[in-house]
Amino acid sequence: MMREWLTRLRHFLRQSWLKRGGESELDEEIRFHVEHATEAKMAAGMTPVEARRQALIEFGGVERAREQCHEQRPGWWMGTVGQDARYALRGFWRNPVFTVTAIATLALGIGATTAVFSVVDRILFRSLPYAHDDRLVSLGLVQSLEKQEFMLGGFFYEWRDNQRPFEAMASQGTMLHGCDLIEANPAQLNCIHAQAGFLPLLGISPLLGRNFLPEEDQPNGPRVALISYGLWQDHYNRDANILNRQIDLDGSPVRVIGVLPKGFELPTLQAPDVMLPTAFNEGLERKANPGTPMRAFARLRPGVNITQAKAELEPLFAQTRDTLIPPPIRKDFHLSVRSLRDRETQDVQLTAWILLGSVLAVLLIACANVAGLMMARDEARERELAVRSALGASRGRLIRQSLTEAVLLSLAGAAAGMALAEGLLRIFLAVAPTGIPFLNRAGLDLRIALFTILLSLVCGAFFGLLPALHIPRTVALTAHGAKFRKRTMLRRSLVVGQIAISMVLLAGAALLLKSFANMEQQRLGIDTQGVLTARIALPGFRYNTAEKKMAFYLEAETALRRLPGIRAVSFSDSLPPGGWHDDRRYSELAVAGKPHPAQGIGGSVICRGVTPDYFRALNIPIVRGRNFNDEERNSSAYLVVLSRLLAARLFPGEDPIGQRMQTGHDGPWYTVVGVAENAKNGGLTEQDEPEVYELRRNLIQDWGGRAQAGEGISAAAPVAIIAADLPSTTVAPWIRAQIAQLDSTVPVKIETMSQQVSKLADRPRFETALLGFFAFCGLLIAMIGLYGVIAFVAAQRTQEIGVRMALGATRLDILRLIAGEGVRLILLGGVLGLVAALAGAQLLKSLLYNVGPRDPAMYAAATLLLAVVALAATLIPARAAMKVEPMAALRCE
Amino acid sequence: MPPSTDLLQGTLDLLILQTLIPGPMHGWGVAQRIQQVSREVLQIGQGSLYPALHRLEYKGWIRADWGSSENNRRAKFYSLTVAGRKQLETELESWKRLSSAIGLVLGQEASA
């Protein structure tokens with residue numbers, strides 16, 4: 001083996017250095033052979049001339065033999081690559097229109113694909129930044145109020161000790177919580193609790209220091225913390241002595257034992273500043289019912305898949321559920337085990353696939369177009385190919401030439417496409433919603449560049465080989481006729497394919513557009529005009545009691561009311577029409593004097609704790625009874641207003657006013673004072689949910705203070721809703737100034753209500769804009785392709801047109817002849833596309849709002865658009881053909 | 001001249017290697033020799049002889065040196081290398097296996 005390679009190397013070097021010498025040695029050898037043969041024949045009695053002729057005939061093609069000898073050399077073809085490339089470049093230079101069109105088309109296709117790939121790569125393909133990421137799963141319970149799996153202390157230890165499918169199991173806290181770093185340079189941080197086994201499970205080791213020890217993850221263990229790289233860098237200036245430093249977190253001392261690696265993210269896609277041990281009391285948790293909530297993750301044993309793991313876990317789940325969850329709601333709990341990737345990106349995977357699919361469709365259309373262009377060019381170069389073939393170029397060589405051209409074109413397209421992708425990516429980032437994970441980190445790195453190069457090579461192979469395969473074995477100088485027809489057949493099928501793909505893209509875009517329009521135009525039931533929201537984040541270490549918090553919010557309310565042009569100021573714990581809100585099970589609601597509703601049914605009810613101005617601020621009419629009033633805020637009465645939907649459900653055919661009801665087990669009894677009109681509250685695309693508004697009184701338990709069991713208002717920080725008659729740009733700085741007067745260190749986030757609503761529509765807007773853009777690009781490129789084929793066919797038939805006209809065909813007949821060609825392609829492509837679109841539309845279903853995936857109107861619109869544009873692309877060349885002068889046409893060629 | 005027989009794929013290499021056993025030889029000589037030894041049955045398409053020689057040379061089985069021919073002309077002489085001898089042995093081996101196998105098949109066909 002070694003020897004063979006050495007020989008090859010020697011010959012390769014000799015070939016490179018002594019190129020000419022090598023050729024002439026071969027010539028000398030052949031000459032020697034032919035002379036010997038001639039001598040032998042002369043000896044047999046032939047004349048010298050005849051002998052030489054016979055000898056040459058016997059030898060066969062000298063040139064061919066020379067070529068074949070040359071081709072025996074290892075790596076001989078490398079020499080021809082340069083030759084082919086030079087030849088190709090000269091050709092491109094001579095035909096700039098072709099070159100620019102091809103490169104521009106490819107750049108569009110490749111650029112768009114690269115940009116989309118860089119976005120979806122992290123969602124779909126790139127490995128997660130944890131060891132054995134393909135074996136990591138998120139596991140726990142799901143129920144109607146929480147669709148992301150969660151774990152409870154009582155379950156966790158039972159499962160950890162008795163499960164078989166996992167190597168390791170560990171948990172983190174349910175969510176980041178605010179914590180305050182108290183020192184000369186204070187900061188509000190995000191903290192997370194995690195078990196000692198959590199980082200090892202993910203295969204993460206701290207950059208500095210160490211992970212929690214088991215004894216530190218115990219109740220009353222030493223108080224230690226890991227800090228993030230960002231905190232270490234920004235707050236401690238990468239202090240090398242950070243380890244073992246005592247820091248004051250929320251008023252108690254904690255020792256820093258390590259620094260997390262740069263860019264570390266929890267499996268819940270959050271980046272904590274500080275990680276603390278959960279320090280669960282295992283004994284208590286085991287006995288607790290149901291125990292502390294947490295998010296649990298596990299690593300599968302090698303060879304075990306998720307389905308198997310889930311099946312193995314099911315009995316354990318059923319057993320623990322039956323011991324820990326009370327019978328009425330037991331049925332609502334289910335086991336969930338899914339891969340970490342699904343946990344992180346499941347809800348955007350469909351969008352990602354659809355975007356990737358549609359951009360690849362555009363690329364396919366673009367490649368088909370370039371293939372068409374190459375074929376048209378080859379036809380124009382028929383003579384050139386024939387001459388090269390006659391001069392001894394083999395079919396393989398011609399195909400190689402064609403491939404070289406294609407690869408050069410696609411590499412140029414890739415280079416231009418990369419630049420385009422960079423621009424497109426910036427646009428994506430500008431219009432993209434916040435809910436798409438990793439998007440902010442999408443960028444063109446080496447991996448993406450490699451993908452682009454690979455993509456361009458595949459493209460090149462596609463549109464280089466397709467026309468090349470139609471280079472016949474021998475190209476005759478008078479080549480015409482059947483072969484042509486075969487090639488136009490191929491071009492026609494390419495165009496049919498392009499039209500079909502465009503049809504699919506258009507149909508998809510039309511559906512999304514309709515759905516988006518439905519979403520934008522729907523009645524929200526609230527007035528967003530002139531409404532602002534202000535989120536005031538009170539630092540917990542200074543506002544450490546509910547009294548202080550309530551006092552601040554009430555002062556803020558008074559201060560805001562004093563501003564000119566303010567119609568209403570209200571506090572609520574959550575905002576419509578979407579986003580977080582406090583939920584109750586419908587079955588937990590109880591009405592005095594009525595049987596309790598059946599358990600486990602009825603879905604959820606949204607619970608909002610609001611001050612009386614809420615309905616005025618958002619302009620939600622009270623349709624029955626009355627609103628809360630300001631005197632009641634100072635009372636200790638428990639009052640609620642119901643949404644019309646909830647009132648109709650709880651009190652069908654009765655007057656709800658004055659009825660008494662509970663919003664939770666053992667909770668206080670509320671009196672219904674009014675019924676408010678329904679407002680959109682489950683997000684823009686979801687069904688409205690029944691809603692109960694609880695009066696937020698001036699009592700600490702309504703402002704995050706200790707509440708009785710089952711008592712209403714959630715402890716979430718209230719958000720101020722301010723309705724103003726003046727423009728929000730004027731009012732916003734005033735609000736800021738008023739809050740700053742009370743406490744200048746408190747951060748305030750002010751947004752308009754319209755911004756909040758618009759944010760909810762970000763995802764659909766993003767999807768619609770992108771798919772629309774791709775459909776537009778696809779249509780444009782396909783139409784250029786259609787135009788090209790029809791123009792080509794018309795040019796090919798110029799002579800025929802002349803004859804027809806000479807025989808009496810009218811210009812209209814000619815128009816019909818050429819346009820008929822186009823119409824056939826459009827019909828075929830359109831029908832194929834429609835069938836494909838109807839078959840695949842089901843995929844879009846979950847992205848559509850108030851429009852079916854087979855909405856006839858949208859399909860009709862897409863078809864109409866395609867038909868009109870395609871007819872225009874056909875009629876332009878057909879009209880040109882119609883205007884041909886019969887005499888000129890006859891003389892053509 | 002008797003009708004020439006088409007060479008089986010790959011047998012040309014074998015024939016060339018076998019022909020070169022006695023000693024170095026130039027291309028014309030190889031062609032003549034194969035023809036003579038096979039009693040004019042095997043006619044080497046002379047155009048394909050040289051590509052084959054070059055191929056064997058690149059594989060390192062034969063070596064080419066310039067020398068002078070019987071009538072004092074400069075000519076390229078091919079000789080077997082050690083690797084070439086080994087290759088010849090294995091090829092002969094497989095050729096024998098193949099031909100005896102074909103013989104068996106044909107024999108059975110005849111007796112059946």
# chains A, B, ... in the order shown; residues from 1 in each chain; ligands from 1
>>> closest_atom_pairs(of="chain A", to="chain B", cutoff="6 Å", atoms="only C-alpha atoms", output="JSON lines")
{"residue": "A:Glu4", "atom": "CA", "partner": "B:Lys59", "partner_atom": "CA", "distance": 5.9}
{"residue": "A:His33", "atom": "CA", "partner": "B:Trp28", "partner_atom": "CA", "distance": 5.2}
{"residue": "A:Phe59", "atom": "CA", "partner": "B:Gln46", "partner_atom": "CA", "distance": 4.9}
{"residue": "A:Gly60", "atom": "CA", "partner": "B:Gly47", "partner_atom": "CA", "distance": 5.5}
{"residue": "A:Ala65", "atom": "CA", "partner": "B:Gly47", "partner_atom": "CA", "distance": 5.2}
{"residue": "A:Gln68", "atom": "CA", "partner": "B:Pro51", "partner_atom": "CA", "distance": 5.6}
{"residue": "A:Cys69", "atom": "CA", "partner": "B:Pro51", "partner_atom": "CA", "distance": 4.2}
{"residue": "A:Gln72", "atom": "CA", "partner": "B:Arg55", "partner_atom": "CA", "distance": 5.2}
>>> residues_around(residues="Glu91 of chain B", least_positions_apart="4", cutoff="12 Å", atoms="only C-alpha atoms", output="PDB file with N, CA and C atoms, in the first residue's frame")
ATOM      1  N   GLY B  10      -9.232  -7.554 -17.704  1.00  0.00           N
ATOM      2  CA  GLY B  10      -8.210  -7.762 -16.678  1.00  0.00           C
ATOM      3  C   GLY B  10      -7.139  -8.770 -17.062  1.00  0.00           C
ATOM      4  N   THR B  11      -7.423  -9.589 -18.113  1.00  0.00           N
ATOM      5  CA  THR B  11      -6.422 -10.586 -18.478  1.00  0.00           C
ATOM      6  C   THR B  11      -5.237  -9.961 -19.191  1.00  0.00           C
ATOM      7  N   LEU B  12      -5.429  -8.786 -19.779  1.00  0.00           N
ATOM      8  CA  LEU B  12      -4.329  -8.133 -20.476  1.00  0.00           C
ATOM      9  C   LEU B  12      -3.185  -7.868 -19.488  1.00  0.00           C
ATOM     10  N   ASP B  13      -3.527  -7.406 -18.305  1.00  0.00           N
ATOM     11  CA  ASP B  13      -2.504  -7.158 -17.287  1.00  0.00           C
ATOM     12  C   ASP B  13      -1.729  -8.436 -17.002  1.00  0.00           C
ATOM     13  N   LEU B  14      -2.469  -9.525 -16.856  1.00  0.00           N
ATOM     14  CA  LEU B  14      -1.863 -10.822 -16.544  1.00  0.00           C
ATOM     15  C   LEU B  14      -0.905 -11.228 -17.654  1.00  0.00           C
ATOM     16  N   LEU B  15      -1.373 -11.087 -18.914  1.00  0.00           N
ATOM     17  CA  LEU B  15      -0.545 -11.476 -20.060  1.00  0.00           C
ATOM     18  C   LEU B  15       0.742 -10.660 -20.100  1.00  0.00           C
ATOM     19  N   ILE B  16       0.612  -9.345 -19.856  1.00  0.00           N
ATOM     20  CA  ILE B  16       1.795  -8.494 -19.918  1.00  0.00           C
ATOM     21  C   ILE B  16       2.791  -8.909 -18.846  1.00  0.00           C
ATOM     22  N   LEU B  17       2.299  -9.107 -17.637  1.00  0.00           N
ATOM     23  CA  LEU B  17       3.193  -9.481 -16.542  1.00  0.00           C
ATOM     24  C   LEU B  17       3.905 -10.802 -16.867  1.00  0.00           C
ATOM     25  N   GLN B  18       3.121 -11.766 -17.375  1.00  0.00           N
ATOM     26  CA  GLN B  18       3.671 -13.088 -17.700  1.00  0.00           C
ATOM     27  C   GLN B  18       4.745 -12.948 -18.788  1.00  0.00           C
ATOM     28  N   GLY B  84       5.508  -6.640  -8.771  1.00  0.00           N
ATOM     29  CA  GLY B  84       4.882  -7.178  -9.981  1.00  0.00           C
ATOM     30  C   GLY B  84       4.893  -8.689  -9.966  1.00  0.00           C
ATOM     31  N   ARG B  85       6.035  -9.275  -9.526  1.00  0.00           N
ATOM     32  CA  ARG B  85       6.111 -10.742  -9.471  1.00  0.00           C
ATOM     33  C   ARG B  85       5.053 -11.288  -8.529  1.00  0.00           C
ATOM     34  N   LYS B  86       4.950 -10.664  -7.382  1.00  0.00           N
ATOM     35  CA  LYS B  86       3.945 -11.122  -6.406  1.00  0.00           C
ATOM     36  C   LYS B  86       2.542 -11.020  -6.995  1.00  0.00           C
ATOM     37  N   GLN B  87       2.306  -9.878  -7.649  1.00  0.00           N
ATOM     38  CA  GLN B  87       0.994  -9.643  -8.240  1.00  0.00           C
ATOM     39  C   GLN B  87       0.693 -10.730  -9.276  1.00  0.00           C
ATOM     40  N   TRP B  95      -6.514 -16.791 -11.738  1.00  0.00           N
ATOM     41  CA  TRP B  95      -6.864 -17.169 -13.109  1.00  0.00           C
ATOM     42  C   TRP B  95      -7.089 -18.668 -13.206  1.00  0.00           C
ATOM     43  N   LYS B  96      -6.207 -19.386 -12.505  1.00  0.00           N
ATOM     44  CA  LYS B  96      -6.359 -20.849 -12.551  1.00  0.00           C
ATOM     45  C   LYS B  96      -7.677 -21.264 -11.925  1.00  0.00           C
ATOM     46  N   ARG B  97      -7.956 -20.646 -10.787  1.00  0.00           N
ATOM     47  CA  ARG B  97      -9.229 -20.964 -10.133  1.00  0.00           C
ATOM     48  C   ARG B  97     -10.394 -20.691 -11.061  1.00  0.00           C
ATOM     49  N   LEU B  98     -10.330 -19.515 -11.678  1.00  0.00           N
ATOM     50  CA  LEU B  98     -11.431 -19.109 -12.556  1.00  0.00           C
ATOM     51  C   LEU B  98     -11.570 -20.063 -13.726  1.00  0.00           C
ATOM     52  N   SER B  99     -10.429 -20.371 -14.368  1.00  0.00           N
ATOM     53  CA  SER B  99     -10.543 -21.187 -15.582  1.00  0.00           C
ATOM     54  C   SER B  99     -10.988 -22.598 -15.235  1.00  0.00           C
TER      55      SER B  99
END
>>> select_by_dssp(residues="segment 15-97 of chain B", states="strand (DSSP E)", output="JSON, numbers by chain")
{"B": [25, 26, 62, 63, 64, 65, 66, 67, 68, 74, 75, 76, 77, 78, 79, 80]}
>>> write_last_selection(atoms="N, CA and C atoms", output="PDB file, in the first residue's frame")
ATOM      1  N   MET B  25      11.656  -5.783 -21.780  1.00  0.00           N
ATOM      2  CA  MET B  25      11.156  -5.844 -23.151  1.00  0.00           C
ATOM      3  C   MET B  25      10.486  -4.519 -23.471  1.00  0.00           C
ATOM      4  N   HIS B  26      10.532  -4.068 -24.715  1.00  0.00           N
ATOM      5  CA  HIS B  26       9.813  -2.840 -25.054  1.00  0.00           C
ATOM      6  C   HIS B  26       8.411  -3.149 -25.541  1.00  0.00           C
ATOM      7  N   ILE B  62       5.467  -2.873 -12.792  1.00  0.00           N
ATOM      8  CA  ILE B  62       6.572  -2.949 -13.755  1.00  0.00           C
ATOM      9  C   ILE B  62       7.336  -1.632 -13.690  1.00  0.00           C
ATOM     10  N   ARG B  63       8.566  -1.677 -14.194  1.00  0.00           N
ATOM     11  CA  ARG B  63       9.399  -0.491 -14.171  1.00  0.00           C
ATOM     12  C   ARG B  63       9.802  -0.185 -15.604  1.00  0.00           C
ATOM     13  N   ALA B  64       9.905   1.090 -15.935  1.00  0.00           N
ATOM     14  CA  ALA B  64      10.314   1.436 -17.295  1.00  0.00           C
ATOM     15  C   ALA B  64      11.681   2.106 -17.263  1.00  0.00           C
ATOM     16  N   ASP B  65      12.599   1.683 -18.167  1.00  0.00           N
ATOM     17  CA  ASP B  65      13.906   2.339 -18.281  1.00  0.00           C
ATOM     18  C   ASP B  65      14.195   2.521 -19.755  1.00  0.00           C
ATOM     19  N   TRP B  66      14.853   3.618 -20.041  1.00  0.00           N
ATOM     20  CA  TRP B  66      15.219   3.817 -21.444  1.00  0.00           C
ATOM     21  C   TRP B  66      16.503   3.050 -21.726  1.00  0.00           C
ATOM     22  N   GLY B  67      16.514   2.377 -22.851  1.00  0.00           N
ATOM     23  CA  GLY B  67      17.721   1.641 -23.248  1.00  0.00           C
ATOM     24  C   GLY B  67      17.784   1.622 -24.766  1.00  0.00           C
ATOM     25  N   SER B  68      18.682   0.858 -25.319  1.00  0.00           N
ATOM     26  CA  SER B  68      18.717   0.834 -26.787  1.00  0.00           C
ATOM     27  C   SER B  68      18.244  -0.527 -27.281  1.00  0.00           C
ATOM     28  N   ARG B  74      16.786   4.186 -29.488  1.00  0.00           N
ATOM     29  CA  ARG B  74      16.377   4.440 -28.105  1.00  0.00           C
ATOM     30  C   ARG B  74      14.956   3.895 -27.901  1.00  0.00           C
ATOM     31  N   ALA B  75      14.770   3.090 -26.888  1.00  0.00           N
ATOM     32  CA  ALA B  75      13.428   2.518 -26.661  1.00  0.00           C
ATOM     33  C   ALA B  75      13.191   2.364 -25.155  1.00  0.00           C
ATOM     34  N   LYS B  76      11.941   2.298 -24.817  1.00  0.00           N
ATOM     35  CA  LYS B  76      11.584   2.188 -23.394  1.00  0.00           C
ATOM     36  C   LYS B  76      11.408   0.711 -23.077  1.00  0.00           C
ATOM     37  N   PHE B  77      12.183   0.210 -22.123  1.00  0.00           N
ATOM     38  CA  PHE B  77      12.115  -1.202 -21.766  1.00  0.00           C
ATOM     39  C   PHE B  77      11.371  -1.367 -20.451  1.00  0.00           C
ATOM     40  N   TYR B  78      10.445  -2.319 -20.429  1.00  0.00           N
ATOM     41  CA  TYR B  78       9.664  -2.587 -19.220  1.00  0.00           C
ATOM     42  C   TYR B  78      10.176  -3.846 -18.567  1.00  0.00           C
ATOM     43  N   SER B  79      10.291  -3.825 -17.240  1.00  0.00           N
ATOM     44  CA  SER B  79      10.694  -5.036 -16.534  1.00  0.00           C
ATOM     45  C   SER B  79       9.823  -5.205 -15.287  1.00  0.00           C
ATOM     46  N   LEU B  80       9.715  -6.470 -14.842  1.00  0.00           N
ATOM     47  CA  LEU B  80       8.891  -6.766 -13.669  1.00  0.00           C
ATOM     48  C   LEU B  80       9.577  -6.248 -12.410  1.00  0.00           C
TER      49      LEU B  80
END
>>> select_by_dssp(residues="chain B", states="helix (DSSP H, G or I)", output="ChimeraX atom specification")
/B:11-19,27-37,46-59,82-111
>>> residues_around(residues="Met805 of chain A", least_positions_apart="3", cutoff="10 Å", atoms="only C-alpha atoms", output="VMD selection string")
chain A and resid 799 to 802 808 to 811 813 to 814 882 884 to 887 889 to 890
>>> write_last_selection(atoms="N, CA and C atoms", output="PDB file, in the first residue's frame")
ATOM      1  N   GLN A 799     -39.299  29.370 -37.215  1.00  0.00           N
ATOM      2  CA  GLN A 799     -39.471  28.946 -38.604  1.00  0.00           C
ATOM      3  C   GLN A 799     -40.870  28.368 -38.828  1.00  0.00           C
ATOM      4  N   GLU A 800     -41.269  27.536 -37.879  1.00  0.00           N
ATOM      5  CA  GLU A 800     -42.590  26.917 -37.970  1.00  0.00           C
ATOM      6  C   GLU A 800     -43.674  28.001 -38.005  1.00  0.00           C
ATOM      7  N   ILE A 801     -43.461  29.030 -37.175  1.00  0.00           N
ATOM      8  CA  ILE A 801     -44.436  30.119 -37.154  1.00  0.00           C
ATOM      9  C   ILE A 801     -44.511  30.783 -38.523  1.00  0.00           C
ATOM     10  N   GLY A 802     -43.336  30.985 -39.097  1.00  0.00           N
ATOM     11  CA  GLY A 802     -43.299  31.575 -40.434  1.00  0.00           C
ATOM     12  C   GLY A 802     -44.113  30.752 -41.419  1.00  0.00           C
ATOM     13  N   GLY A 808     -51.447  30.805 -43.871  1.00  0.00           N
ATOM     14  CA  GLY A 808     -52.707  31.465 -43.570  1.00  0.00           C
ATOM     15  C   GLY A 808     -53.100  31.543 -42.117  1.00  0.00           C
ATOM     16  N   ALA A 809     -52.209  31.113 -41.224  1.00  0.00           N
ATOM     17  CA  ALA A 809     -52.552  31.240 -39.809  1.00  0.00           C
ATOM     18  C   ALA A 809     -52.568  32.720 -39.432  1.00  0.00           C
ATOM     19  N   THR A 810     -53.553  33.116 -38.628  1.00  0.00           N
ATOM     20  CA  THR A 810     -53.593  34.517 -38.192  1.00  0.00           C
ATOM     21  C   THR A 810     -52.659  34.685 -37.001  1.00  0.00           C
ATOM     22  N   ARG A 811     -52.420  35.952 -36.680  1.00  0.00           N
ATOM     23  CA  ARG A 811     -51.537  36.217 -35.538  1.00  0.00           C
ATOM     24  C   ARG A 811     -52.148  35.662 -34.249  1.00  0.00           C
ATOM     25  N   ASP A 813     -53.885  32.960 -34.018  1.00  0.00           N
ATOM     26  CA  ASP A 813     -53.589  31.524 -33.973  1.00  0.00           C
ATOM     27  C   ASP A 813     -52.208  31.289 -33.388  1.00  0.00           C
ATOM     28  N   ILE A 814     -51.271  32.146 -33.798  1.00  0.00           N
ATOM     29  CA  ILE A 814     -49.893  31.985 -33.323  1.00  0.00           C
ATOM     30  C   ILE A 814     -49.839  32.226 -31.810  1.00  0.00           C
ATOM     31  N   MET A 882     -45.912  36.374 -31.751  1.00  0.00           N
ATOM     32  CA  MET A 882     -47.026  36.730 -32.626  1.00  0.00           C
ATOM     33  C   MET A 882     -46.605  37.820 -33.600  1.00  0.00           C
ATOM     34  N   VAL A 884     -43.815  38.245 -34.994  1.00  0.00           N
ATOM     35  CA  VAL A 884     -42.745  37.888 -35.933  1.00  0.00           C
ATOM     36  C   VAL A 884     -43.214  38.142 -37.363  1.00  0.00           C
ATOM     37  N   GLU A 885     -42.325  38.736 -38.188  1.00  0.00           N
ATOM     38  CA  GLU A 885     -42.635  38.923 -39.609  1.00  0.00           C
ATOM     39  C   GLU A 885     -42.506  37.581 -40.314  1.00  0.00           C
ATOM     40  N   PRO A 886     -43.530  37.134 -41.030  1.00  0.00           N
ATOM     41  CA  PRO A 886     -43.475  35.807 -41.650  1.00  0.00           C
ATOM     42  C   PRO A 886     -42.236  35.638 -42.518  1.00  0.00           C
ATOM     43  N   MET A 887     -41.870  36.659 -43.290  1.00  0.00           N
ATOM     44  CA  MET A 887     -40.735  36.519 -44.197  1.00  0.00           C
ATOM     45  C   MET A 887     -39.445  36.330 -43.403  1.00  0.00           C
ATOM     46  N   ALA A 889     -39.225  35.164 -40.435  1.00  0.00           N
ATOM     47  CA  ALA A 889     -39.267  33.879 -39.774  1.00  0.00           C
ATOM     48  C   ALA A 889     -38.859  32.765 -40.723  1.00  0.00           C
ATOM     49  N   LEU A 890     -39.320  32.849 -41.981  1.00  0.00           N
ATOM     50  CA  LEU A 890     -38.996  31.807 -42.939  1.00  0.00           C
ATOM     51  C   LEU A 890     -37.505  31.782 -43.239  1.00  0.00           C
TER      52      LEU A 890
END
>>> residues_around(residues="segment 773-786 of chain A", least_positions_apart="2", cutoff="7 Å", atoms="only C-alpha atoms", output="number ranges by chain")
A: 358-359, 362, 365-366, 369, 495, 498-499, 502, 505-506, 509, 769-771, 788-790, 870, 873
>>> write_last_selection(atoms="C-alpha atoms", output="mmCIF file, in the first residue's frame")
data_model
loop_
_atom_site.group_PDB
_atom_site.id
_atom_site.type_symbol
_atom_site.label_atom_id
_atom_site.label_comp_id
_atom_site.auth_asym_id
_atom_site.auth_seq_id
_atom_site.Cartn_x
_atom_site.Cartn_y
_atom_site.Cartn_z
ATOM 1 C CA SER A 358 -40.413 26.377 2.613
ATOM 2 C CA VAL A 359 -36.974 27.896 2.230
ATOM 3 C CA VAL A 362 -37.429 28.187 -2.733
ATOM 4 C CA ILE A 365 -37.054 26.410 -7.476
ATOM 5 C CA ALA A 366 -33.905 28.485 -7.785
ATOM 6 C CA ASN A 369 -34.145 27.741 -12.763
ATOM 7 C CA VAL A 495 -41.039 24.458 -14.929
ATOM 8 C CA GLN A 498 -41.429 25.037 -10.081
ATOM 9 C CA ILE A 499 -45.030 26.076 -10.570
ATOM 10 C CA SER A 502 -44.823 27.865 -5.872
ATOM 11 C CA LEU A 505 -45.868 27.990 -0.927
ATOM 12 C CA LEU A 506 -48.534 30.436 -2.023
ATOM 13 C CA ALA A 509 -48.706 31.814 2.825
ATOM 14 C CA ALA A 769 -43.908 37.381 7.051
ATOM 15 C CA LEU A 770 -41.308 34.712 6.420
ATOM 16 C CA LEU A 771 -43.550 32.292 4.603
ATOM 17 C CA GLY A 788 -37.539 31.522 -20.149
ATOM 18 C CA VAL A 789 -39.028 28.264 -21.380
ATOM 19 C CA ILE A 790 -41.833 29.898 -23.321
ATOM 20 C CA ALA A 870 -48.097 32.912 -14.791
ATOM 21 C CA ALA A 873 -45.146 35.454 -17.879
#
>>> closest_residue(among="A:Leu324, A:Leu139, A:Ile750, A:Val531", to="Arg286 of chain A", atoms="only C-alpha atoms")
A:Leu324
>>> decode(residues="segment 35-46 of chain B", atoms="N, CA and C atoms", output="PDB file, in the first residue's frame")
ATOM      1  N   GLN B  35       1.425 -12.199 -29.269  1.00  0.00           N
ATOM      2  CA  GLN B  35       0.828 -12.719 -30.501  1.00  0.00           C
ATOM      3  C   GLN B  35       1.469 -14.043 -30.893  1.00  0.00           C
ATOM      4  N   GLN B  36       2.826 -14.078 -30.832  1.00  0.00           N
ATOM      5  CA  GLN B  36       3.534 -15.286 -31.231  1.00  0.00           C
ATOM      6  C   GLN B  36       3.194 -16.449 -30.330  1.00  0.00           C
ATOM      7  N   VAL B  37       3.339 -16.197 -29.023  1.00  0.00           N
ATOM      8  CA  VAL B  37       3.165 -17.301 -28.086  1.00  0.00           C
ATOM      9  C   VAL B  37       1.761 -17.873 -28.183  1.00  0.00           C
ATOM     10  N   SER B  38       0.764 -17.004 -28.408  1.00  0.00           N
ATOM     11  CA  SER B  38      -0.615 -17.508 -28.481  1.00  0.00           C
ATOM     12  C   SER B  38      -0.933 -17.994 -29.878  1.00  0.00           C
ATOM     13  N   ARG B  39       0.035 -18.164 -30.668  1.00  0.00           N
ATOM     14  CA  ARG B  39      -0.113 -18.607 -32.064  1.00  0.00           C
ATOM     15  C   ARG B  39      -1.127 -17.739 -32.793  1.00  0.00           C
ATOM     16  N   GLU B  40      -0.937 -16.452 -32.684  1.00  0.00           N
ATOM     17  CA  GLU B  40      -1.730 -15.458 -33.415  1.00  0.00           C
ATOM     18  C   GLU B  40      -3.197 -15.405 -32.981  1.00  0.00           C
ATOM     19  N   VAL B  41      -3.562 -16.180 -31.923  1.00  0.00           N
ATOM     20  CA  VAL B  41      -4.966 -16.133 -31.498  1.00  0.00           C
ATOM     21  C   VAL B  41      -5.246 -14.818 -30.770  1.00  0.00           C
ATOM     22  N   LEU B  42      -4.356 -14.465 -29.863  1.00  0.00           N
ATOM     23  CA  LEU B  42      -4.557 -13.253 -29.092  1.00  0.00           C
ATOM     24  C   LEU B  42      -3.881 -12.091 -29.800  1.00  0.00           C
ATOM     25  N   GLN B  43      -4.704 -11.178 -30.245  1.00  0.00           N
ATOM     26  CA  GLN B  43      -4.124  -9.978 -30.842  1.00  0.00           C
ATOM     27  C   GLN B  43      -4.381  -8.805 -29.934  1.00  0.00           C
ATOM     28  N   ILE B  44      -3.285  -8.217 -29.491  1.00  0.00           N
ATOM     29  CA  ILE B  44      -3.451  -7.087 -28.592  1.00  0.00           C
ATOM     30  C   ILE B  44      -3.839  -5.873 -29.410  1.00  0.00           C
ATOM     31  N   GLY B  45      -4.946  -5.276 -29.060  1.00  0.00           N
ATOM     32  CA  GLY B  45      -5.247  -3.978 -29.665  1.00  0.00           C
ATOM     33  C   GLY B  45      -4.111  -3.071 -29.245  1.00  0.00           C
ATOM     34  N   GLN B  46      -3.301  -2.688 -30.249  1.00  0.00           N
ATOM     35  CA  GLN B  46      -2.066  -2.022 -29.855  1.00  0.00           C
ATOM     36  C   GLN B  46      -2.329  -0.692 -29.172  1.00  0.00           C
TER      37      GLN B  46
END
